[in-house]
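Note: the block below is my_file_11.txt and it holds compact mmCIF, C-alpha atoms and all ligand atoms.
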```txt
# COMPACT_ATOMS: atom_id res chain seq x y z
CA MET M 434 -156.58 -36.91 -78.71
CA ALA M 435 -154.28 -33.92 -78.89
CA SER M 436 -152.08 -33.23 -75.88
CA ILE M 437 -152.26 -29.63 -74.74
CA VAL M 438 -148.80 -28.60 -73.56
CA ALA M 439 -147.54 -25.42 -71.93
CA ALA M 440 -145.37 -23.21 -74.12
CA ASP M 441 -142.29 -24.04 -72.03
CA ARG M 442 -139.04 -25.74 -73.02
CA VAL M 443 -140.60 -29.23 -73.05
CA GLY M 444 -143.71 -28.14 -74.99
CA ILE M 445 -141.75 -26.22 -77.60
CA ASP M 446 -139.22 -29.08 -78.00
CA ARG M 447 -142.10 -31.44 -78.69
CA ALA M 448 -143.69 -29.07 -81.22
CA VAL M 449 -140.39 -28.58 -83.06
CA GLU M 450 -139.78 -32.32 -83.13
CA LEU M 451 -143.23 -33.11 -84.57
CA LEU M 452 -143.08 -30.28 -87.13
CA GLY M 453 -139.62 -31.45 -88.21
CA ARG M 454 -141.16 -34.84 -88.99
CA ASP M 455 -143.83 -33.18 -91.20
CA GLU M 456 -146.54 -33.59 -88.58
CA ILE M 457 -148.97 -30.74 -87.81
CA VAL M 458 -149.21 -28.82 -84.53
CA ALA M 459 -151.50 -26.04 -83.30
CA ILE M 460 -149.50 -23.00 -82.16
CA PRO M 461 -150.42 -19.60 -80.70
CA THR M 462 -150.00 -16.41 -82.70
CA GLU M 463 -150.94 -12.88 -81.65
CA THR M 464 -154.05 -12.97 -83.93
CA VAL M 465 -155.59 -16.46 -83.58
CA TYR M 466 -154.21 -19.98 -83.07
CA GLY M 467 -152.71 -21.50 -86.23
CA LEU M 468 -152.56 -25.11 -87.41
CA ALA M 469 -148.92 -25.27 -88.42
CA GLY M 470 -147.00 -27.54 -90.76
CA ARG M 471 -143.88 -27.08 -92.89
CA ALA M 472 -144.82 -24.82 -95.79
CA LEU M 473 -142.68 -26.72 -98.30
CA SER M 474 -143.79 -30.21 -97.26
CA GLU M 475 -146.65 -31.64 -99.33
CA LYS M 476 -147.26 -34.20 -96.61
CA ALA M 477 -147.71 -31.55 -93.93
CA LEU M 478 -149.84 -29.36 -96.22
CA LEU M 479 -152.15 -32.27 -97.04
CA ALA M 480 -152.47 -33.05 -93.33
CA ILE M 481 -153.50 -29.42 -92.66
CA PHE M 482 -156.18 -29.46 -95.37
CA SER M 483 -157.46 -32.81 -94.19
CA ALA M 484 -157.65 -31.93 -90.46
CA LYS M 485 -159.50 -28.69 -91.24
CA GLU M 486 -161.65 -30.26 -94.00
CA ARG M 487 -160.54 -27.26 -96.00
CA PRO M 488 -161.07 -27.23 -99.78
CA LEU M 489 -157.81 -27.33 -101.75
CA PHE M 490 -158.73 -24.11 -103.64
CA ASP M 491 -158.18 -22.08 -100.44
CA PRO M 492 -154.45 -21.22 -100.15
CA LEU M 493 -152.42 -20.96 -96.94
CA ILE M 494 -150.23 -18.25 -95.41
CA ALA M 495 -146.52 -19.05 -94.97
CA HIS M 496 -145.19 -17.77 -91.63
CA LEU M 497 -141.61 -16.50 -91.33
CA ALA M 498 -139.17 -16.23 -88.43
CA LEU M 499 -137.82 -12.86 -87.38
CA PRO M 500 -134.44 -12.09 -88.91
CA ARG M 501 -131.69 -12.74 -86.39
CA HIS M 502 -129.77 -9.59 -87.27
CA THR M 503 -130.92 -6.28 -88.66
CA VAL M 504 -131.25 -6.74 -92.39
CA ASN M 505 -133.19 -5.28 -95.27
CA ILE M 506 -136.54 -6.94 -94.73
CA LEU M 507 -137.23 -7.50 -98.43
CA ASP M 508 -133.83 -9.15 -98.99
CA TYR M 509 -134.60 -11.36 -96.03
CA VAL M 510 -137.99 -12.33 -97.48
CA GLU M 511 -136.43 -13.10 -100.87
CA ARG M 512 -133.83 -15.34 -99.26
CA ARG M 513 -136.59 -17.50 -97.73
CA GLY M 514 -137.09 -18.89 -101.24
CA LEU M 515 -140.84 -18.38 -101.64
CA VAL M 516 -141.12 -15.21 -103.72
CA GLU M 517 -139.79 -14.00 -107.07
CA LEU M 518 -139.53 -10.21 -107.03
CA ASP M 519 -137.02 -9.52 -109.81
CA ALA M 520 -139.72 -8.13 -112.12
CA LEU M 521 -140.79 -5.43 -109.64
CA SER M 522 -139.82 -1.79 -110.12
CA PRO M 523 -137.55 -0.16 -107.53
CA GLU M 524 -140.49 2.02 -106.42
CA VAL M 525 -142.72 -0.98 -105.74
CA ARG M 526 -139.89 -2.74 -103.94
CA ASP M 527 -139.37 0.30 -101.75
CA SER M 528 -143.07 0.43 -100.88
CA ILE M 529 -143.14 -3.24 -99.87
CA ASP M 530 -139.94 -2.85 -97.89
CA ASP M 531 -141.32 0.20 -96.09
CA LEU M 532 -144.62 -1.53 -95.30
CA LEU M 533 -142.97 -4.64 -93.91
CA SER M 534 -140.40 -2.65 -91.93
CA ALA M 535 -143.26 -0.73 -90.31
CA PHE M 536 -145.62 -3.59 -89.48
CA TRP M 537 -143.64 -6.83 -89.20
CA PRO M 538 -143.69 -8.74 -86.97
CA GLY M 539 -147.43 -8.24 -86.58
CA PRO M 540 -150.94 -8.86 -87.93
CA LEU M 541 -150.21 -8.06 -91.59
CA THR M 542 -150.08 -10.67 -94.38
CA ILE M 543 -148.64 -9.69 -97.75
CA VAL M 544 -149.36 -11.59 -100.98
CA LEU M 545 -146.47 -11.41 -103.47
CA PRO M 546 -145.44 -13.11 -106.73
CA ARG M 547 -144.38 -16.66 -105.97
CA ARG M 548 -141.22 -18.40 -106.99
CA ALA M 549 -141.41 -21.47 -109.24
CA GLY M 550 -141.23 -24.64 -107.19
CA VAL M 551 -143.36 -23.38 -104.29
CA PRO M 552 -145.91 -26.18 -103.73
CA ASP M 553 -149.21 -25.63 -105.55
CA LEU M 554 -150.90 -26.88 -102.40
CA LEU M 555 -149.63 -23.83 -100.49
CA THR M 556 -150.87 -21.27 -103.03
CA ALA M 557 -153.78 -23.29 -104.48
CA GLY M 558 -152.00 -22.95 -107.83
CA LEU M 559 -152.27 -19.13 -107.74
CA PRO M 560 -149.41 -16.98 -109.07
CA ARG M 561 -148.86 -15.37 -105.66
CA VAL M 562 -147.95 -16.58 -102.18
CA ALA M 563 -149.12 -15.14 -98.83
CA LEU M 564 -146.47 -14.29 -96.18
CA ARG M 565 -146.70 -13.22 -92.58
CA MET M 566 -144.24 -12.71 -89.71
CA PRO M 567 -146.19 -13.35 -86.49
CA ALA M 568 -145.39 -11.29 -83.39
CA HIS M 569 -146.12 -14.01 -80.81
CA PRO M 570 -142.90 -15.04 -79.01
CA VAL M 571 -143.91 -18.74 -78.98
CA ALA M 572 -144.64 -18.79 -82.73
CA GLN M 573 -141.33 -17.01 -83.25
CA GLU M 574 -139.35 -19.42 -81.12
CA ILE M 575 -140.78 -22.41 -83.00
CA LEU M 576 -140.11 -20.81 -86.40
CA GLU M 577 -136.60 -19.83 -85.40
CA ARG M 578 -135.74 -23.31 -84.16
CA LEU M 579 -137.18 -25.06 -87.20
CA GLY M 580 -135.44 -22.70 -89.61
CA VAL M 581 -138.09 -23.12 -92.34
CA PRO M 582 -141.40 -21.32 -93.00
CA LEU M 583 -144.59 -22.78 -91.57
CA ALA M 584 -147.97 -22.78 -93.27
CA ALA M 585 -150.60 -21.95 -90.65
CA PRO M 586 -154.28 -21.41 -91.30
CA SER M 587 -156.52 -20.63 -88.33
CA ALA M 588 -156.83 -23.83 -86.25
CA ASN M 589 -160.56 -24.37 -86.75
CA ARG M 590 -162.61 -26.69 -88.92
CA PHE M 591 -163.33 -25.02 -92.25
CA GLY M 592 -165.95 -22.27 -92.05
CA ARG M 593 -166.08 -22.26 -88.25
CA ILE M 594 -165.13 -19.69 -85.63
CA SER M 595 -161.36 -19.15 -85.35
CA PRO M 596 -159.85 -20.25 -82.02
CA THR M 597 -158.23 -17.73 -79.70
CA THR M 598 -157.43 -20.14 -76.84
CA ALA M 599 -155.89 -23.62 -76.64
CA ALA M 600 -159.21 -24.97 -75.31
CA ALA M 601 -161.01 -23.63 -78.40
CA VAL M 602 -158.47 -25.41 -80.63
CA ALA M 603 -159.11 -28.64 -78.72
CA GLU M 604 -162.84 -28.21 -79.30
CA GLU M 605 -162.27 -27.76 -83.04
CA LEU M 606 -159.48 -30.20 -83.83
CA GLY M 607 -158.63 -32.12 -80.62
CA ASP M 608 -159.44 -35.50 -82.15
CA ARG M 609 -157.46 -34.82 -85.35
CA ILE M 610 -154.04 -33.46 -84.36
CA PRO M 611 -151.32 -34.67 -82.00
CA LEU M 612 -150.36 -31.46 -80.18
CA ILE M 613 -151.62 -28.04 -79.13
CA VAL M 614 -149.12 -25.55 -77.69
CA ASP M 615 -150.89 -23.37 -75.12
CA GLY M 616 -149.64 -19.79 -75.32
CA GLY M 617 -152.65 -18.27 -73.50
CA PRO M 618 -155.40 -16.19 -75.11
CA CYS M 619 -154.43 -14.43 -78.36
CA ARG M 620 -153.87 -10.73 -77.85
CA VAL M 621 -155.40 -9.36 -81.08
CA GLY M 622 -158.27 -11.85 -81.46
CA VAL M 623 -158.99 -11.45 -85.19
CA GLU M 624 -156.87 -12.69 -88.09
CA SER M 625 -154.21 -10.67 -89.89
CA THR M 626 -155.06 -8.01 -92.47
CA ILE M 627 -154.24 -9.33 -95.96
CA VAL M 628 -152.83 -7.05 -98.65
CA ALA M 629 -151.89 -8.30 -102.13
CA LEU M 630 -149.63 -6.72 -104.74
CA ASP M 631 -151.52 -6.88 -108.05
CA ASP M 632 -150.11 -7.00 -111.60
CA GLU M 633 -150.24 -3.21 -111.88
CA GLY M 634 -148.14 -2.75 -108.74
CA ARG M 635 -151.14 -1.63 -106.67
CA PHE M 636 -151.86 -2.83 -103.14
CA VAL M 637 -155.22 -4.56 -102.80
CA LEU M 638 -157.01 -5.25 -99.51
CA LEU M 639 -158.11 -8.91 -99.50
CA ARG M 640 -159.15 -9.18 -95.86
CA ALA M 641 -159.68 -6.60 -93.12
CA GLY M 642 -158.00 -7.77 -89.93
CA GLY M 643 -155.94 -6.99 -86.88
CA LEU M 644 -153.95 -4.16 -88.48
CA ALA M 645 -156.17 -1.15 -89.30
CA THR M 646 -156.27 -0.43 -93.03
CA GLU M 647 -155.93 3.30 -92.25
CA LYS M 648 -152.49 2.63 -90.77
CA ILE M 649 -151.44 0.76 -93.92
CA GLU M 650 -152.76 3.52 -96.16
CA ALA M 651 -151.01 6.20 -94.12
CA ARG M 652 -147.74 4.33 -94.53
CA LEU M 653 -148.20 3.68 -98.28
CA GLY M 654 -149.41 7.22 -98.91
CA VAL M 655 -152.14 5.89 -101.24
CA PRO M 656 -155.50 4.22 -100.58
CA LEU M 657 -155.70 0.44 -100.80
CA VAL M 658 -157.72 -1.00 -103.65
CA HIS M 659 -160.70 -2.69 -101.99
CA ARG M 660 -161.40 -6.19 -103.22
CA THR M 661 -162.74 -7.94 -100.12
CA ALA M 662 -166.26 -8.67 -101.37
CA ALA M 663 -167.34 -12.27 -101.02
CA PRO M 664 -167.36 -14.10 -104.32
CA GLY M 665 -170.73 -14.23 -105.96
CA GLY M 666 -170.04 -13.04 -109.45
CA GLY M 667 -167.36 -15.65 -110.11
CA ASP M 668 -164.63 -13.18 -111.13
CA ASP M 669 -163.57 -12.35 -107.59
CA ARG M 670 -162.98 -15.91 -106.63
CA PRO M 671 -159.32 -16.43 -107.57
CA GLU M 672 -158.43 -13.08 -105.99
CA ALA M 673 -159.36 -13.98 -102.39
CA PRO M 674 -160.43 -17.58 -102.43
CA GLY M 675 -160.88 -17.88 -98.68
CA GLN M 676 -163.21 -14.94 -98.41
CA LEU M 677 -166.41 -16.92 -98.69
CA ALA M 678 -169.58 -15.20 -97.53
CA SER M 679 -170.37 -17.88 -94.96
CA HIS M 680 -167.36 -18.12 -92.67
CA TYR M 681 -166.51 -17.76 -88.99
CA ALA M 682 -169.94 -19.32 -88.44
CA PRO M 683 -171.33 -20.52 -85.13
CA ALA M 684 -173.52 -23.64 -85.26
CA ARG M 685 -176.54 -21.57 -84.15
CA PRO M 686 -178.19 -19.01 -86.43
CA LEU M 687 -176.75 -15.53 -85.88
CA HIS M 688 -178.91 -12.45 -86.46
CA LEU M 689 -177.01 -9.21 -86.99
CA VAL M 690 -178.73 -5.93 -86.08
CA ASP M 691 -177.74 -2.27 -85.67
CA SER M 692 -179.04 -2.00 -82.15
CA ILE M 693 -180.15 -4.70 -79.73
CA ALA M 694 -182.09 -2.11 -77.70
CA ALA M 695 -184.15 -1.24 -80.79
CA THR M 696 -184.81 -4.88 -81.75
CA ALA M 697 -187.88 -6.97 -80.88
CA LEU M 698 -186.17 -10.12 -79.56
CA PRO M 699 -187.81 -13.55 -79.12
CA THR M 700 -189.53 -13.61 -75.73
CA ALA M 701 -189.31 -17.31 -74.86
CA THR M 702 -186.55 -18.93 -76.96
CA PRO M 703 -183.18 -19.11 -75.15
CA ILE M 704 -180.98 -16.59 -76.91
CA GLY M 705 -177.48 -15.20 -76.64
CA LEU M 706 -176.78 -11.48 -77.07
CA LEU M 707 -173.47 -10.06 -78.25
CA THR M 708 -173.34 -6.30 -77.62
CA PHE M 709 -170.85 -3.44 -77.79
CA ALA M 710 -171.60 -2.19 -74.29
CA PRO M 711 -172.97 -3.83 -71.15
CA LEU M 712 -176.81 -3.86 -71.06
CA ALA M 713 -178.48 -1.05 -69.12
CA SER M 714 -180.39 -3.55 -66.97
CA PRO M 715 -180.07 -7.29 -66.30
CA PRO M 716 -181.71 -9.38 -69.06
CA PRO M 717 -184.57 -11.88 -68.48
CA ALA M 718 -183.71 -15.49 -67.61
CA HIS M 719 -183.89 -16.84 -71.18
CA VAL M 720 -181.24 -14.33 -72.33
CA THR M 721 -177.46 -14.70 -71.94
CA ALA M 722 -175.75 -11.38 -72.70
CA LEU M 723 -172.04 -10.79 -73.33
CA ALA M 724 -170.54 -7.38 -73.99
CA LEU M 725 -167.51 -7.25 -76.30
CA THR M 726 -166.15 -4.27 -74.42
CA THR M 727 -166.96 -2.51 -71.18
CA ARG M 728 -165.12 0.70 -72.11
CA GLY M 729 -165.86 1.26 -75.79
CA SER M 730 -162.49 -0.15 -76.86
CA LEU M 731 -162.22 -1.66 -80.35
CA GLU M 732 -159.07 -3.54 -79.29
CA GLU M 733 -160.96 -5.12 -76.40
CA ALA M 734 -163.92 -5.93 -78.68
CA ALA M 735 -161.71 -7.63 -81.29
CA HIS M 736 -159.86 -9.52 -78.56
CA ASN M 737 -163.17 -10.91 -77.21
CA LEU M 738 -165.07 -11.39 -80.48
CA PHE M 739 -164.42 -15.06 -81.31
CA ALA M 740 -164.22 -16.17 -77.66
CA HIS M 741 -167.62 -14.61 -76.88
CA LEU M 742 -169.20 -15.97 -80.07
CA ARG M 743 -167.94 -19.42 -79.12
CA ALA M 744 -169.24 -19.05 -75.54
CA LEU M 745 -172.73 -18.21 -76.85
CA ASP M 746 -172.70 -21.08 -79.34
CA ARG M 747 -173.72 -23.62 -76.67
CA PRO M 748 -176.89 -25.14 -75.21
CA PRO M 749 -179.37 -24.05 -74.04
CA ILE M 750 -178.92 -21.06 -76.37
CA GLU M 751 -180.76 -21.56 -79.68
CA GLN M 752 -180.11 -18.27 -81.49
CA ILE M 753 -177.47 -15.56 -81.29
CA TRP M 754 -178.36 -11.89 -81.77
CA ALA M 755 -175.34 -9.67 -82.37
CA GLU M 756 -174.94 -5.93 -82.70
CA ARG M 757 -172.97 -4.41 -85.58
CA CYS M 758 -169.92 -2.50 -84.40
CA PRO M 759 -171.00 1.15 -84.36
CA VAL M 760 -167.50 2.20 -85.43
CA THR M 761 -166.62 1.12 -88.99
CA THR M 762 -163.04 2.39 -89.07
CA GLY M 763 -159.93 0.79 -87.55
CA LEU M 764 -160.60 -2.62 -86.03
CA GLY M 765 -164.35 -1.96 -86.43
CA HIS M 766 -163.93 -2.87 -90.10
CA ALA M 767 -162.59 -6.35 -89.29
CA ILE M 768 -165.13 -6.90 -86.51
CA ASN M 769 -168.06 -6.10 -88.81
CA ASP M 770 -166.57 -8.23 -91.59
CA ARG M 771 -166.43 -11.25 -89.26
CA LEU M 772 -169.93 -10.62 -87.86
CA THR M 773 -171.40 -10.29 -91.35
CA ARG M 774 -169.84 -13.57 -92.47
CA ALA M 775 -170.91 -15.28 -89.23
CA ALA M 776 -174.49 -14.17 -89.97
CA SER M 777 -174.41 -15.43 -93.56
CA ARG M 778 -175.54 -19.00 -94.23
O1 LIG W 1 -153.83 -14.11 -88.58
C1 LIG W 1 -153.77 -14.96 -89.48
O2 LIG W 1 -153.57 -14.66 -90.66
C2 LIG W 1 -153.95 -16.43 -89.06
C3 LIG W 1 -152.80 -16.83 -88.15
C4 LIG W 1 -152.83 -18.28 -87.76
O3 LIG W 1 -151.58 -16.48 -88.75
N1 LIG W 1 -154.03 -17.27 -90.22
C5 LIG W 1 -155.14 -17.27 -91.03
O4 LIG W 1 -155.10 -18.20 -92.05
O5 LIG W 1 -156.10 -16.55 -90.84
P1 LIG W 1 -156.40 -18.69 -92.84
O6 LIG W 1 -155.90 -19.78 -93.71
O7 LIG W 1 -157.45 -19.02 -91.89
O8 LIG W 1 -156.77 -17.46 -93.74
C6 LIG W 1 -155.86 -17.11 -94.76
C7 LIG W 1 -156.52 -16.37 -95.88
C8 LIG W 1 -157.49 -17.22 -96.67
O9 LIG W 1 -158.68 -16.50 -96.82
C9 LIG W 1 -156.80 -17.40 -98.00
O10 LIG W 1 -157.69 -17.50 -99.06
C10 LIG W 1 -155.93 -16.16 -98.11
O11 LIG W 1 -155.51 -15.97 -96.78
N2 LIG W 1 -154.76 -16.43 -98.93
C11 LIG W 1 -153.73 -17.24 -98.64
N3 LIG W 1 -152.86 -17.31 -99.67
C12 LIG W 1 -153.35 -16.51 -100.63
C13 LIG W 1 -152.92 -16.19 -101.95
N4 LIG W 1 -151.80 -16.71 -102.48
N5 LIG W 1 -153.68 -15.34 -102.68
C14 LIG W 1 -154.81 -14.82 -102.14
N6 LIG W 1 -155.28 -15.10 -100.91
C15 LIG W 1 -154.57 -15.94 -100.16
MG MG W 2 -159.37 -19.10 -91.19
```

Please express what this file holds, its structure, as structure tokens.
Amino acid sequence: MASIVAADRVGIDRAVELLGRDEIVAIPTETVYGLAGRALSEKALLAIFSAKERPLFDPLIAHLALPRHTVNILDYVERRGLVELDALSPEVRDSIDDLLSAFWPGPLTIVLPRRAGVPDLLTAGLPRVALRMPAHPVAQEILERLGVPLAAPSANRFGRISPTTAAAVAEELGDRIPLIVDGGPCRVGVESTIVALDDEGRFVLLRAGGLATEKIEARLGVPLVHRTAAPGGGDDRPEAPGQLASHYAPARPLHLVDSIAATALPTATPIGLLTFAPLASPPPAHVTALALTTRGSLEEAAHNLFAHLRALDRPPIEQIWAERCPVTTGLGHAINDRLTRAASR
């Protein structure tokens, strides 16, 4: 069984020691908990895929430490040895540099041309590699002390709800990993937004997430190319291999509706309700209701999304009925993306 340790000196020492030996450790980030292992170690990468039961076609994000001194962020990224950016035009380089300067550290992942020698396991053999600089101080301290990038997918079994607390990680992977570093509940609550640079030098949205796409577009000065659709037609698959329709799924069936108030709900089956505002009156005994926000805040809703879904995915509840986020901009985009995938099976 995994030990859950506090993110203090002793806990972080233990995490660094295990990671240095190519073992895997669950660590907090500001988005969700990650299952970390050295990004250039095939042994650690295989252990990550195996613990998550994740298919090898689904590549991982490499996480980077904050630069110790003020530097050009793109030079810093290049020196980490994962990307090969020599073929890019000065304009494209400037755009990437500007984007990363604005939003790193934080919930933005960028997918850039990979350097030869980066393990195929990390990128699933794709020509690009995904990079992120997490904002969580515990993730940063571990990265800084190790001095090498860490691969870290969300610390859940493949296809399941991402964990936003140490207890949720234990529920998912407790019997499969040695250590969970408890950094408290994750502030953002949904995964990073993923943007890829394509062959034409355009920025493509691969996953909506904790950084609003509008903020990215305002910074770039051009709209993102949208390519987040779940694969169905085959062609999309290599572009965003992890974006499968059925993902973030609770064990119970999840029904997604525009309005709970306007829905005829089962009258006897124990159900869980996930709403965007507290109910007007207390629900009947067979209904457990959780509101994602009490004050119409998208940040609060995103922060609570996976924790509430997980709380409703328990006996005696047999079905979950969730409301679509009425706001589709900002974090509403990511929230609806996760709810739609959770409802798909
Ligand atoms: O917020 C996050 O990004 C969290 C925390 C732990 O950092 N990590 C995370 O990782 O969500 P994961 O593995 O659960 O999701 C990563 C997504 C997958 O859908 C994967 O397909 C995509 O990133 N991805 C990774 N490398 C890629 C690449 N080279 N090209 C295209 N997509 C890539
Ligand atoms: Mg994941």

Task: Expected selection as a ChimeraX atom specification for ligand MG 2 (chain W) within 12 Å, all atoms listed in the file - done: /M:464-468,481-482,485-488,491-494,585-597,623-626,640,642,674-677,679-682,739,771,774

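The shell of residues at most 9 Å from Gly444 (chain M), with all atoms listed in the file counted and near chain neighbours (fewer than 5 positions) removed, consists of M:Ile437, M:Val438, M:Ala439, M:Val449, M:Ile613, M:Val614, M:Asp615.
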
Task: Computed interatomic separation between CA of Val581 (chain M) and atom O6 of ligand LIG 1 (chain W) (Å) - done: 18.2 Å

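Picture a line from atom C10 of ligand LIG 1 (chain W) to CA of Ile627 (chain M); it runs 7.4 Å.
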
Open item on the list: Taking (-149.7, -19.6, -107.6) in the coordinates of the supplied file, I want to know which residues reach to within 12 Å of it, counting only C-alpha atoms; could you give the answer as number ranges by chain?
Closed with: M: 490-493, 515-517, 544-563, 671-672

Task: Nearest candidate to Leu630 (chain M) (options M:Arg454, M:Arg747, M:Arg685, M:Arg660; using all atoms listed in the file) - done: M:Arg660

TODO: Just give me the gap between CA of Ile610 (chain M) and CA of Ala435 (chain M) in Å, one decimal is fine.
DONE: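 So the answer is 5.5 Å.
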
TODO: For Tyr509 (chain M), please output as a VMD selection string all residues within 10 Å (counting only C-alpha atoms; exclusion window: fewer than 4 positions along the same chain).
DONE: chain M and resid 497 499 to 500 503 to 505 513 to 514

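When only C-alpha atoms and all ligand atoms are used to measure the gap to ligand LIG 1 (chain W), the shortest distance among M:Leu606, M:Leu541, M:Leu452, M:Val720 belongs to M:Leu541.
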
TODO: Could you tell me which of M:Val637, M:Ala776, M:Met434, M:Leu478 comes closest to Val655 (chain M) if we count only C-alpha atoms?
DONE: M:Val637

Box dimensions and centre (Å, one decimal) enclosing ligand LIG 1 (chain W), axis-aligned, 3 Å extra per side, as JSON:
```
{"center_x": -155.1, "center_y": -16.9, "center_z": -95.2, "size_x": 13.1, "size_y": 11.7, "size_z": 20.9}
```

Task: Pick from M:Ala480, M:Ile460, M:Ala740, M:Ile753, whichever lies nearest to ligand LIG 1 (chain W) using all atoms listed in the file - done: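 Residue with the minimum atom-to-atom distance to ligand LIG 1 (chain W): M:Ile460.
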
Task: Selected residue, from M:Thr598, M:Gln752, M:Thr762, M:Thr702, that lies nearest to Asn737 (chain M) when counting only C-alpha atoms - done: M:Thr598

Nearby residues (only C-alpha atoms) at most 12 Å from Ala535 (chain M), same-chain spacing under 6 positions excluded, as a PDB file with C-alpha atoms, keeping the file's coordinate frame:
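Saved as around.pdb:
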```pdb
ATOM      1  CA  ILE M 506    -136.540  -6.940 -94.730  1.00  0.00           C
ATOM      2  CA  SER M 528    -143.070   0.430-100.880  1.00  0.00           C
ATOM      3  CA  ILE M 529    -143.140  -3.240 -99.870  1.00  0.00           C
ATOM      4  CA  LEU M 541    -150.210  -8.060 -91.590  1.00  0.00           C
ATOM      5  CA  LEU M 644    -153.950  -4.160 -88.480  1.00  0.00           C
ATOM      6  CA  LYS M 648    -152.490   2.630 -90.770  1.00  0.00           C
ATOM      7  CA  ILE M 649    -151.440   0.760 -93.920  1.00  0.00           C
ATOM      8  CA  GLU M 650    -152.760   3.520 -96.160  1.00  0.00           C
ATOM      9  CA  ALA M 651    -151.010   6.200 -94.120  1.00  0.00           C
ATOM     10  CA  ARG M 652    -147.740   4.330 -94.530  1.00  0.00           C
ATOM     11  CA  LEU M 653    -148.200   3.680 -98.280  1.00  0.00           C
TER      12      LEU M 653
END
```

TODO: Could you check which of M:Thr542, M:Thr646, M:Ser730, M:Asn769 is closest to Asp691 (chain M), using only C-alpha atoms?
DONE: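 For Asp691 (chain M), the nearest of the candidates is M:Asn769.
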
- [ ] Fewer than 2 positions away in the same chain doesn't count, so skip those; otherwise give me all residues within 12 Å of Cys758 (chain M), counting all atoms listed in the file, as number ranges by chain.
- [x] M: 689-693, 707-710, 724-726, 729-731, 734-735, 738, 755-756, 760-773

Task: Residue contacts of Gly634 (chain M) (10 Å, all atoms listed in the file) excluding same-chain residues fewer than 4 positions away, as a list in words - done: Leu521, Ser522, Glu524, Val525, Arg526, Ser528, Ala629 and Leu630 of chain M

Mind filling out region 462-475 of chain M with N, CA and C atoms and sending it as a PDB file, keeping the file's coordinate frame?
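Writing the result to out.pdb gives the following:
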```pdb
ATOM      1  N   THR M 462    -150.563 -17.625 -82.097  1.00  0.00           N
ATOM      2  CA  THR M 462    -150.000 -16.410 -82.700  1.00  0.00           C
ATOM      3  C   THR M 462    -150.715 -15.241 -82.020  1.00  0.00           C
ATOM      4  N   GLU M 463    -150.308 -14.027 -82.303  1.00  0.00           N
ATOM      5  CA  GLU M 463    -150.940 -12.880 -81.650  1.00  0.00           C
ATOM      6  C   GLU M 463    -152.361 -12.646 -82.176  1.00  0.00           C
ATOM      7  N   THR M 464    -152.700 -13.196 -83.357  1.00  0.00           N
ATOM      8  CA  THR M 464    -154.050 -12.970 -83.930  1.00  0.00           C
ATOM      9  C   THR M 464    -155.001 -14.067 -83.462  1.00  0.00           C
ATOM     10  N   VAL M 465    -154.799 -15.291 -83.967  1.00  0.00           N
ATOM     11  CA  VAL M 465    -155.590 -16.460 -83.580  1.00  0.00           C
ATOM     12  C   VAL M 465    -154.621 -17.657 -83.555  1.00  0.00           C
ATOM     13  N   TYR M 466    -155.056 -18.787 -83.021  1.00  0.00           N
ATOM     14  CA  TYR M 466    -154.210 -19.980 -83.070  1.00  0.00           C
ATOM     15  C   TYR M 466    -154.118 -20.483 -84.517  1.00  0.00           C
ATOM     16  N   GLY M 467    -152.929 -20.976 -84.888  1.00  0.00           N
ATOM     17  CA  GLY M 467    -152.710 -21.500 -86.230  1.00  0.00           C
ATOM     18  C   GLY M 467    -152.474 -22.997 -86.191  1.00  0.00           C
ATOM     19  N   LEU M 468    -152.872 -23.682 -87.266  1.00  0.00           N
ATOM     20  CA  LEU M 468    -152.560 -25.110 -87.410  1.00  0.00           C
ATOM     21  C   LEU M 468    -151.345 -25.194 -88.316  1.00  0.00           C
ATOM     22  N   ALA M 469    -150.180 -25.429 -87.697  1.00  0.00           N
ATOM     23  CA  ALA M 469    -148.920 -25.270 -88.420  1.00  0.00           C
ATOM     24  C   ALA M 469    -148.389 -26.577 -88.988  1.00  0.00           C
ATOM     25  N   GLY M 470    -147.736 -26.438 -90.141  1.00  0.00           N
ATOM     26  CA  GLY M 470    -147.000 -27.540 -90.760  1.00  0.00           C
ATOM     27  C   GLY M 470    -145.976 -26.924 -91.693  1.00  0.00           C
ATOM     28  N   ARG M 471    -144.922 -27.666 -92.030  1.00  0.00           N
ATOM     29  CA  ARG M 471    -143.880 -27.080 -92.890  1.00  0.00           C
ATOM     30  C   ARG M 471    -144.452 -26.661 -94.235  1.00  0.00           C
ATOM     31  N   ALA M 472    -144.182 -25.412 -94.610  1.00  0.00           N
ATOM     32  CA  ALA M 472    -144.820 -24.820 -95.790  1.00  0.00           C
ATOM     33  C   ALA M 472    -144.353 -25.467 -97.094  1.00  0.00           C
ATOM     34  N   LEU M 473    -143.178 -26.124 -97.065  1.00  0.00           N
ATOM     35  CA  LEU M 473    -142.680 -26.720 -98.300  1.00  0.00           C
ATOM     36  C   LEU M 473    -142.853 -28.246 -98.305  1.00  0.00           C
ATOM     37  N   SER M 474    -143.578 -28.767 -97.337  1.00  0.00           N
ATOM     38  CA  SER M 474    -143.790 -30.210 -97.260  1.00  0.00           C
ATOM     39  C   SER M 474    -145.214 -30.556 -97.713  1.00  0.00           C
ATOM     40  N   GLU M 475    -145.313 -31.280 -98.832  1.00  0.00           N
ATOM     41  CA  GLU M 475    -146.650 -31.640 -99.330  1.00  0.00           C
ATOM     42  C   GLU M 475    -147.384 -32.504 -98.312  1.00  0.00           C
TER      43      GLU M 475
END
```
